[in-house]
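For reference, upload.pdb is printed below; it contains PDB, C-alpha atoms.
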ATOM      1  CA  MET A   1       6.061  18.677 -29.451
ATOM      2  CA  GLN A   2       4.307  17.161 -26.449
ATOM      3  CA  ASN A   3       2.492  19.599 -24.155
ATOM      4  CA  ILE A   4       2.456  18.441 -20.543
ATOM      5  CA  LEU A   5       0.421  19.938 -17.724
ATOM      6  CA  VAL A   6       1.478  19.214 -14.148
ATOM      7  CA  ALA A   7      -1.444  19.899 -11.820
ATOM      8  CA  GLY A   8      -1.675  19.945  -8.044
ATOM      9  CA  HIS A   9       0.748  20.214  -5.154
ATOM     10  CA  LEU A  10       3.985  18.318  -5.758
ATOM     11  CA  SER A  11       6.605  17.563  -3.127
ATOM     12  CA  VAL A  12      10.107  18.890  -3.715
ATOM     13  CA  ASN A  13      11.288  15.410  -4.754
ATOM     14  CA  GLN A  14       8.403  15.031  -7.214
ATOM     15  CA  LEU A  15       9.134  18.480  -8.602
ATOM     16  CA  LYS A  16      12.816  17.592  -9.165
ATOM     17  CA  THR A  17      11.811  14.322 -10.832
ATOM     18  CA  VAL A  18       9.422  16.097 -13.199
ATOM     19  CA  LEU A  19      11.995  18.732 -14.126
ATOM     20  CA  ALA A  20      14.715  16.114 -14.714
ATOM     21  CA  ALA A  21      12.413  13.960 -16.854
ATOM     22  CA  VAL A  22      11.235  16.908 -18.938
ATOM     23  CA  LYS A  23      14.829  18.062 -19.402
ATOM     24  CA  GLN A  24      15.637  14.638 -20.888
ATOM     25  CA  THR A  25      12.705  14.978 -23.263
ATOM     26  CA  PRO A  26      13.466  18.063 -25.361
ATOM     27  CA  ALA A  27      10.326  17.604 -27.464
ATOM     28  CA  SER A  28       8.100  18.530 -24.523
ATOM     29  CA  ARG A  29       6.756  21.781 -23.148
ATOM     30  CA  LEU A  30       5.794  21.943 -19.471
ATOM     31  CA  THR A  31       2.981  23.972 -17.926
ATOM     32  CA  VAL A  32       2.245  23.938 -14.198
ATOM     33  CA  TYR A  33      -1.206  24.447 -12.654
ATOM     34  CA  ALA A  34      -0.786  24.746  -8.888
ATOM     35  CA  PRO A  35      -1.588  27.031  -5.954
ATOM     36  CA  ALA A  36      -0.040  30.500  -6.264
ATOM     37  CA  SER A  37       2.058  29.857  -3.145
ATOM     38  CA  GLU A  38       4.116  27.326  -5.140
ATOM     39  CA  ARG A  39       5.233  29.676  -7.910
ATOM     40  CA  GLN A  40       8.673  30.219  -6.363
ATOM     41  CA  LEU A  41       9.392  26.450  -6.447
ATOM     42  CA  TRP A  42       9.305  26.284 -10.247
ATOM     43  CA  PRO A  43      11.906  27.806 -12.606
ATOM     44  CA  GLU A  44      10.959  31.099 -14.254
ATOM     45  CA  THR A  45      11.155  29.443 -17.688
ATOM     46  CA  ILE A  46       8.172  27.188 -16.876
ATOM     47  CA  THR A  47       4.687  28.451 -17.695
ATOM     48  CA  PHE A  48       2.901  28.680 -14.334
ATOM     49  CA  ILE A  49      -0.860  29.070 -13.906
ATOM     50  CA  ALA A  50      -2.120  29.664 -10.382
ATOM     51  CA  GLY A  51      -5.204  27.680  -9.420
ATOM     52  CA  GLU A  52      -6.733  24.823  -7.479
ATOM     53  CA  LEU A  53      -7.688  21.415  -8.860
ATOM     54  CA  THR A  54     -11.260  21.923  -7.691
ATOM     55  CA  ASP A  55     -11.654  25.078  -9.846
ATOM     56  CA  GLN A  56     -13.209  23.634 -13.013
ATOM     57  CA  ALA A  57     -13.081  26.860 -15.021
ATOM     58  CA  GLY A  58      -9.422  27.523 -14.256
ATOM     59  CA  LEU A  59      -8.480  23.900 -14.820
ATOM     60  CA  THR A  60     -10.351  23.801 -18.134
ATOM     61  CA  ALA A  61      -8.446  26.883 -19.319
ATOM     62  CA  ALA A  62      -5.132  25.350 -18.240
ATOM     63  CA  LEU A  63      -5.929  22.100 -20.092
ATOM     64  CA  LEU A  64      -6.320  23.734 -23.505
ATOM     65  CA  ASP A  65      -3.822  22.287 -26.006
ATOM     66  CA  GLN A  66      -2.343  19.817 -23.493
ATOM     67  CA  ASP A  67      -1.478  16.260 -24.550
ATOM     68  CA  LEU A  68      -0.732  14.793 -21.144
ATOM     69  CA  VAL A  69      -1.878  15.760 -17.654
ATOM     70  CA  LEU A  70       0.081  14.659 -14.582
ATOM     71  CA  ALA A  71      -2.143  15.346 -11.579
ATOM     72  CA  GLN A  72      -1.181  14.929  -7.926
ATOM     73  CA  LEU A  73      -4.360  14.638  -5.846
ATOM     74  CA  ASP A  74      -4.636  15.928  -2.294
ATOM     75  CA  SER A  75      -5.771  13.109   0.001
ATOM     76  CA  ASN A  76      -8.283  15.465   1.652
ATOM     77  CA  ALA A  77     -10.103  16.251  -1.610
ATOM     78  CA  LEU A  78      -9.745  13.135  -3.774
ATOM     79  CA  ILE A  79     -13.306  12.981  -5.048
ATOM     80  CA  ALA A  80     -13.786  16.713  -5.725
ATOM     81  CA  GLN A  81     -10.465  16.957  -7.563
ATOM     82  CA  THR A  82     -11.153  13.837  -9.631
ATOM     83  CA  GLN A  83     -14.596  15.128 -10.623
ATOM     84  CA  SER A  84     -13.087  18.471 -11.607
ATOM     85  CA  LEU A  85     -10.369  16.795 -13.703
ATOM     86  CA  ARG A  86     -12.909  14.537 -15.358
ATOM     87  CA  VAL A  87     -15.188  17.419 -16.370
ATOM     88  CA  ALA A  88     -12.345  19.686 -17.519
ATOM     89  CA  MET A  89     -10.647  16.972 -19.562
ATOM     90  CA  THR A  90     -13.888  15.967 -21.231
ATOM     91  CA  ALA A  91     -14.575  19.609 -22.130
ATOM     92  CA  THR A  92     -11.107  20.150 -23.634
ATOM     93  CA  LYS A  93     -10.717  16.707 -25.220
ATOM     94  CA  THR A  94      -7.297  16.260 -23.597
ATOM     95  CA  THR A  95      -6.047  12.804 -24.488
ATOM     96  CA  MET A  96      -4.242  11.317 -21.487
ATOM     97  CA  LEU A  97      -4.372  11.599 -17.695
ATOM     98  CA  VAL A  98      -1.948  10.241 -15.109
ATOM     99  CA  VAL A  99      -3.300  10.664 -11.577
ATOM    100  CA  THR A 100      -1.173  10.071  -8.505
ATOM    101  CA  MET A 101      -2.129  10.083  -4.840
ATOM    102  CA  THR A 102      -0.188   9.372  -1.691
ATOM    103  CA  ASP A 103      -2.598   6.842  -0.170
ATOM    104  CA  SER A 104      -3.386   3.419  -1.556
ATOM    105  CA  VAL A 105      -5.593   0.564  -0.443
ATOM    106  CA  LEU A 106      -2.484  -1.346   0.623
ATOM    107  CA  SER A 107      -0.933   1.524   2.578
ATOM    108  CA  LEU A 108      -4.190   2.109   4.450
ATOM    109  CA  THR A 109      -4.991  -1.513   5.272
ATOM    110  CA  GLN A 110      -1.579  -2.961   6.082
ATOM    111  CA  VAL A 111      -0.957  -0.746   9.091
ATOM    112  CA  PRO A 112      -2.923  -1.475  12.278
ATOM    113  CA  VAL A 113      -5.259   1.390  13.149
ATOM    114  CA  LYS A 114      -6.437   2.404  16.606
ATOM    115  CA  TRP A 115     -10.183   2.038  17.114
ATOM    116  CA  TYR A 116     -10.736   5.810  17.089
ATOM    117  CA  ARG A 117      -9.103   6.140  13.643
ATOM    118  CA  GLN A 118     -11.058   3.331  11.953
ATOM    119  CA  ARG A 119     -13.782   5.662  10.694
ATOM    120  CA  GLN A 120     -11.160   7.931   9.120
ATOM    121  CA  GLN A 121      -9.529   4.911   7.465
ATOM    122  CA  ARG A 122     -12.873   3.685   6.067
ATOM    123  CA  THR A 123     -13.582   7.168   4.709
ATOM    124  CA  LYS A 124     -10.215   7.270   2.915
ATOM    125  CA  LEU A 125     -10.743   3.781   1.485
ATOM    126  CA  ALA A 126     -14.194   4.786   0.216
ATOM    127  CA  ALA A 127     -12.712   7.898  -1.403
ATOM    128  CA  ILE A 128     -10.056   5.841  -3.207
ATOM    129  CA  ARG A 129     -12.719   3.453  -4.478
ATOM    130  CA  THR A 130     -14.867   6.375  -5.649
ATOM    131  CA  VAL A 131     -11.905   7.861  -7.535
ATOM    132  CA  GLU A 132     -11.383   4.507  -9.262
ATOM    133  CA  GLN A 133     -15.075   4.356 -10.205
ATOM    134  CA  LEU A 134     -15.131   7.946 -11.483
ATOM    135  CA  LEU A 135     -12.148   7.273 -13.716
ATOM    136  CA  GLN A 136     -13.448   3.892 -14.839
ATOM    137  CA  THR A 137     -16.816   5.303 -15.914
ATOM    138  CA  SER A 138     -15.226   8.238 -17.720
ATOM    139  CA  LYS A 139     -14.171   8.078 -21.358
ATOM    140  CA  LEU A 140     -10.632   9.198 -20.439
ATOM    141  CA  GLU A 141      -7.398   7.331 -21.124
ATOM    142  CA  PHE A 142      -6.047   7.300 -17.605
ATOM    143  CA  THR A 143      -3.501   5.748 -15.318
ATOM    144  CA  LEU A 144      -4.044   5.953 -11.567
ATOM    145  CA  ILE A 145      -0.940   5.492  -9.427
ATOM    146  CA  ALA A 146      -1.714   5.258  -5.729
ATOM    147  CA  GLY A 147       0.887   4.914  -2.988
ATOM    148  CA  GLN A 148       4.341   6.282  -2.321
ATOM    149  CA  THR A 149       6.635   3.280  -2.063
ATOM    150  CA  ALA A 150       7.329   0.301  -4.283
ATOM    151  CA  ALA A 151       5.713  -1.931  -1.648
ATOM    152  CA  ASP A 152       2.333  -0.190  -1.725
ATOM    153  CA  THR A 153       2.109   1.339  -5.197
ATOM    154  CA  MET A 154      -1.079   0.385  -6.993
ATOM    155  CA  ILE A 155      -1.665   0.968 -10.693
ATOM    156  CA  TYR A 156      -5.039   1.107 -12.381
ATOM    157  CA  ASN A 157      -5.649   2.213 -15.954
ATOM    158  CA  ARG A 158      -8.198   2.207 -18.756
ATOM    159  CA  ALA A 159      -6.923  -1.112 -20.123
ATOM    160  CA  LEU A 160      -7.311  -2.809 -16.735
ATOM    161  CA  SER A 161     -10.554  -1.148 -15.708
ATOM    162  CA  GLN A 162     -12.793  -3.593 -17.550
ATOM    163  CA  SER A 163     -11.457  -6.720 -15.890
ATOM    164  CA  TRP A 164     -10.298  -5.763 -12.381
ATOM    165  CA  ILE A 165     -12.491  -4.446  -9.618
ATOM    166  CA  THR A 166      -9.719  -2.508  -7.937
ATOM    167  CA  ALA A 167      -6.109  -1.591  -8.515
ATOM    168  CA  VAL A 168      -3.330  -4.166  -8.518
ATOM    169  CA  PRO A 169       0.171  -3.971  -7.064
ATOM    170  CA  ALA A 170       2.859  -2.893  -9.488
ATOM    171  CA  ARG A 171       5.992  -4.939  -9.818
ATOM    172  CA  ARG A 172       8.039  -1.801 -10.378
ATOM    173  CA  GLN A 173       7.608   1.907  -9.950
ATOM    174  CA  LEU A 174       6.521   3.688 -13.095
ATOM    175  CA  GLY A 175       8.848   6.563 -13.735
ATOM    176  CA  LEU A 176       7.736   9.790 -15.284
ATOM    177  CA  ASN A 177       9.812   8.938 -18.348
ATOM    178  CA  ASP A 178       7.353   6.112 -19.007
ATOM    179  CA  TYR A 179       4.726   8.770 -19.706
ATOM    180  CA  LEU A 180       6.899  11.268 -21.562
ATOM    181  CA  ALA A 181       7.662   8.968 -24.468
ATOM    182  CA  ILE A 182       6.154  10.328 -27.655
ATOM    183  CA  ASP A 183       4.172   7.157 -28.480
ATOM    184  CA  PHE A 184       3.317   6.110 -24.917
ATOM    185  CA  THR A 185       0.396   3.758 -24.424
ATOM    186  CA  PRO A 186      -0.422   3.036 -20.771
ATOM    187  CA  VAL A 187       0.407  -0.532 -19.773
ATOM    188  CA  VAL A 188       1.450  -2.271 -16.579
ATOM    189  CA  ALA A 189       4.838  -3.934 -16.837
ATOM    190  CA  ALA A 190       4.929  -7.567 -15.733
TER     191      ALA A 190
END

Rewrite the coordinates I just gave you, this time as structure tokens.
Amino acid sequence: MQNILVAGHLSVNQLKTVLAAVKQTPASRLTVYAPASERQLWPETITFIAGELTDQAGLTAALLDQDLVLAQLDSNALIAQTQSLRVAMTATKTTMLVVTMTDSVLSLTQVPVKWYRQRQQRTKLAAIRTVEQLLQTSKLEFTLIAGQTAADTMIYNRALSQSWITAVPARRQLGLNDYLAIDFTPVVAA
């Protein structure tokens, strides 16, 4: 039995994808850790724990006995949420983390920005880099997936962290089923 914790605010499409993938993997048990306002989005059969990703105590309690954590970071709190995940996972000795975020270096730099939004763009880029550094310096087995489309998705994981300074473009989207396999080891497909 694989225990999976989904943490953070998921879009309706992400939620449907998670539920479909878990349904295809009968040897998994899903727990959701999200804001209380999202309880009605999840089926009653799913264990739901209300909380925020920045609440270390609540997150640590939710992480007990979990094998895999799928965390969707809010672009307005990337660093705080990553630090909270890092501390909670270290405390509970949870084995694997998959972090996703909507922004990526490519999505932020490929679109021309008006002069009055350049500071905001630099701040977001710095936050993404800090998240990468926090994960790289942790002892966690992680995969960071940044971006929303196949054109801008960036993947960064423990195996790549020693040789690449920043994330690299993926040649395909990684589906949730890639992480729900019983003997999954994080790799980037060529």

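Distance-wise, atom CA of Leu85 of chain A and atom CA of Leu30 of chain A end up 17.9 Å apart.
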
Using only C-alpha atoms, what residues lie at most 8 Å away from (-11.6, 20.4, -17.0) (file coordinates), given as JSON, numbers by chain? {"A": [56, 57, 58, 59, 60, 61, 63, 84, 85, 86, 87, 88, 89, 90, 91, 92]}

One decimal, Å: what's the distance from atom CA of Tyr33 of chain A over to atom CA of Ala50 of chain A, could you say?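 If I compute the distance from atom CA of Tyr33 of chain A to atom CA of Ala50 of chain A, I get 5.8 Å.
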
To one decimal place, how far is atom CA of Lys16 of chain A from atom CA of Leu73 of chain A in Å?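 So the two atoms, atom CA of Lys16 of chain A and atom CA of Leu73 of chain A, lie 17.7 Å apart.
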
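For the residues A:Met1, A:Gly147, A:Thr17, A:His9, ranking by smallest atom-to-atom distance to Ser37 of chain A using only C-alpha atoms places A:His9 first.
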
If you apply the PyMOL selection byres ((chain A and resi 35) around 10) to this file, what residues do you get, as a PyMOL selection string? chain A and resi 7-9+32-34+36-39+48-53

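Candidate residues A:Lys139, A:Lys124, A:Lys23, A:Lys93 were compared for distance to Asn76 of chain A, and the nearest is A:Lys124, using only C-alpha atoms.
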
Rank A:Leu125, A:Gln14, A:Leu97, A:Ala21 by their smallest atom-to-atom distance to Ala71 of chain A, using all atoms listed in the file, and report the top residue only.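 When distances to Ala71 of chain A are compared using all atoms listed in the file, the smallest one comes from A:Leu97.
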